[in-house]
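Peer 1: First, the structure itself, so that you have it in front of you.
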Amino acid sequence: MGIAGRLVSLALLLSFAFVVADAILSLKDGPMIDPEGREYKSATFRIEAENISGPQINDGSTVRVQCTEASMIILIKADLYGNGRIVSPGELFLGEAEHSESSQCRAAAANDTEYVIEAGLQDCGSKLTTTEDSVIYSNKLIFSPAASYHGITRTTHAEVPVSCHYKRTHFVSSGAQQLPFTVSTSAKHSTGSSAFSLKLMNDDWTREIFSSVFYLGDVLHLEASYTGADPGPRQLFIDRCVATLTPDATSVPRYYFIENNGCLTDAKEEGSNTLFRARTRADALQLQLDVFLFHQDPRNSIFIACQLKASSEMWKSSPINKACNYVHSRWENVDGNDDVCQCCDSSCHESSPKDIVCGTVTVGPLTIFPSK
């Protein structure tokens, strides 16, 4: 190759380096907001290259990102550089090199002029970061040009950052001190004594539901009950409940939202809608719980486990037999006698009654998404 040829090649490589910088900078210019309040970023991928015909400049957007409640959709122009050279969908993928063989991470033809990649928000090596008011899923689009039949290429490897931004509502810190216990989703995923159950109910509490997908801002309606074949009636209590990211109730992170023998501690969170409902029958308790995610953890499958007990001492509230809400900065027992809740801010102790039945139920996974 002559000196002139080497100079042209060098100019192409240098100009392409500026292309990648341009794409990254355009992504940092700030988010756009769609009609539903979701934010997204779109990069203009440009190339300025010299050839014998003179400079070629394309100011059109060739990489666009669309964000849904569950996925990131990336649309890529086949003429990626705007210079008339069509790239192959097989040269485009999302994430690191290990994701290049995954079908959901690779580009596919959307039409004659555009390719598409649609991947789950947590797939293809996506990274989750949070701020005070946002949840951000970020990744990178990789262009890895294949060598020609002769082992040469006229384009170079490129990376384009892509991201989806969602408004954040209620998160629980993964550094929470308390231990794991999970909530429940459908009955077929519930474990524990057959006499105890923990079910997800519809909004008016008239029937069980089997959905396992929820969004931040939703409220879970949980009904715990006891149906043991006992000679006399029993009253049900929820001693404690813990949420985890795995079926193991001792895993970390974990978040106890009921503890201390029936103290609904999650109700103390600012703006919380969490509460025990007034009883409709003695052998059941209904709980509404604000949906949450663990802070700075990309996993969004939540398990809930609750330790339940059924006492034969009907209507006898005590520091260990209670269901305490936190309302207007004070503890209130759904069964009356609020004095038994005074220990909720310390430690509740009392000798346990002899005639008591205990069991643990676990429900999950519940899949939680940041936004609809």
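If you're wondering about the labels, chains in the structure tokens are A, B, ... by order shown, residues count from 1 in each chain, ligands from 1 in order shown.
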Quick one: residues within 7 Å of stretch 300-316 of chain A, only C-alpha atoms counted, chain neighbours fewer than 5 positions away excluded, as a PyMOL selection string?
Peer 2: chain A and resi 181-184+226+233-247+249+293+355-369
Peer 1: Could you tell me how far atom CA of A:Gln104 lies from atom CA of A:Ala146, in Å and to one decimal?
Peer 2: 19.7 Å
Peer 1: Compare A:Ser194, A:Asn139, A:Thr62, A:Thr274 by their minimum atom-to-atom distance to A:Ile86, counting only C-alpha atoms, and give me the closest one.
Peer 2: A:Thr62
Peer 1: Which is closest to A:Leu264 among A:Lys322, A:Arg281, A:Arg64, A:His295, if we use only C-alpha atoms?
Peer 2: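 Among A:Lys322, A:Arg281, A:Arg64, A:His295, it is A:Lys322 that comes nearest to A:Leu264.
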Peer 1: Report, in Å to a single decimal, how far apart atom CA of A:Val135 and atom CA of A:Tyr166 are.
Peer 2: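 Interatomic distance, atom CA of A:Tyr166 to atom CA of A:Val135: 5.1 Å.
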Peer 1: With distances taken over only C-alpha atoms, which of A:Ile209, A:His157, A:Val219, A:Pro370 is nearest to A:Pro298?
Peer 2: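 With only C-alpha atoms as the atom set, the closest residue is A:Pro370.
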Peer 1: Hey, what's within 12 Å of stretch 75-77 of chain A if we count only C-alpha atoms and toss same-chain stuff fewer than 4 positions away? As a ChimeraX atom specification, please?
Peer 2: /A:42-46,60-67,81-89,91-94,106-119,141-143,160,162
Peer 1: To one decimal place, how far is atom CA of A:Ser71 from atom CA of A:Pro253 in Å?
Peer 2: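 Straight-line distance from atom CA of A:Ser71 to atom CA of A:Pro253 works out to 24.8 Å.
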Peer 1: Using only C-alpha atoms, which of A:Val334, A:Ile258, A:Cys324, A:Ile74 sits nearest A:Ala282?
Peer 2: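 Ranking A:Val334, A:Ile258, A:Cys324, A:Ile74 by distance to A:Ala282, first place goes to A:Val334.
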Peer 1: In stretch 244-319 of chain A, what's strand (DSSP E or B) per DSSP? Answer as a ChimeraX atom specification?
Peer 2: /A:244,254-259,263,275-276,284-290,293-295,301-311,318
Peer 1: Any chance you could list, as a tab-separated table (two decimals) with N, CA, C and O atoms, in the first residue's frame, the residues in stretch 313-369 of chain A that come up helix (DSSP H, G or I) when DSSP is run on the backbone?
Peer 2:
chain	number	residue	atom	x	y	z
A	338	ASP	N	-55.11	-1.57	72.65
A	338	ASP	CA	-53.89	-1.08	72.02
A	338	ASP	C	-52.67	-1.17	72.93
A	338	ASP	O	-51.53	-1.10	72.45
A	339	ASP	N	-52.87	-1.33	74.22
A	339	ASP	CA	-51.75	-1.39	75.15
A	339	ASP	C	-50.80	-2.53	74.83
A	339	ASP	O	-49.60	-2.46	75.11
A	340	VAL	N	-51.30	-3.59	74.23
A	340	VAL	CA	-50.44	-4.75	73.94
A	340	VAL	C	-49.43	-4.41	72.84
A	340	VAL	O	-48.49	-5.18	72.61
A	341	CYS	N	-49.65	-3.29	72.13
A	341	CYS	CA	-48.73	-2.90	71.05
A	341	CYS	C	-47.61	-1.99	71.55
A	341	CYS	O	-46.72	-1.64	70.76
A	342	GLN	N	-47.62	-1.61	72.80
A	342	GLN	CA	-46.61	-0.68	73.29
A	342	GLN	C	-45.19	-1.25	73.17
A	342	GLN	O	-44.23	-0.49	73.08
A	343	CYS	N	-45.08	-2.58	73.17
A	343	CYS	CA	-43.75	-3.20	73.09
A	343	CYS	C	-43.21	-3.23	71.66
A	343	CYS	O	-42.08	-3.68	71.44
A	344	CYS	N	-43.98	-2.77	70.67
A	344	CYS	CA	-43.54	-2.86	69.27
A	344	CYS	C	-42.27	-2.07	69.01
A	344	CYS	O	-41.51	-2.39	68.08
A	345	ASP	N	-42.02	-1.03	69.79
A	345	ASP	CA	-40.81	-0.24	69.61
A	345	ASP	C	-39.66	-0.74	70.47
A	345	ASP	O	-38.60	-0.11	70.52
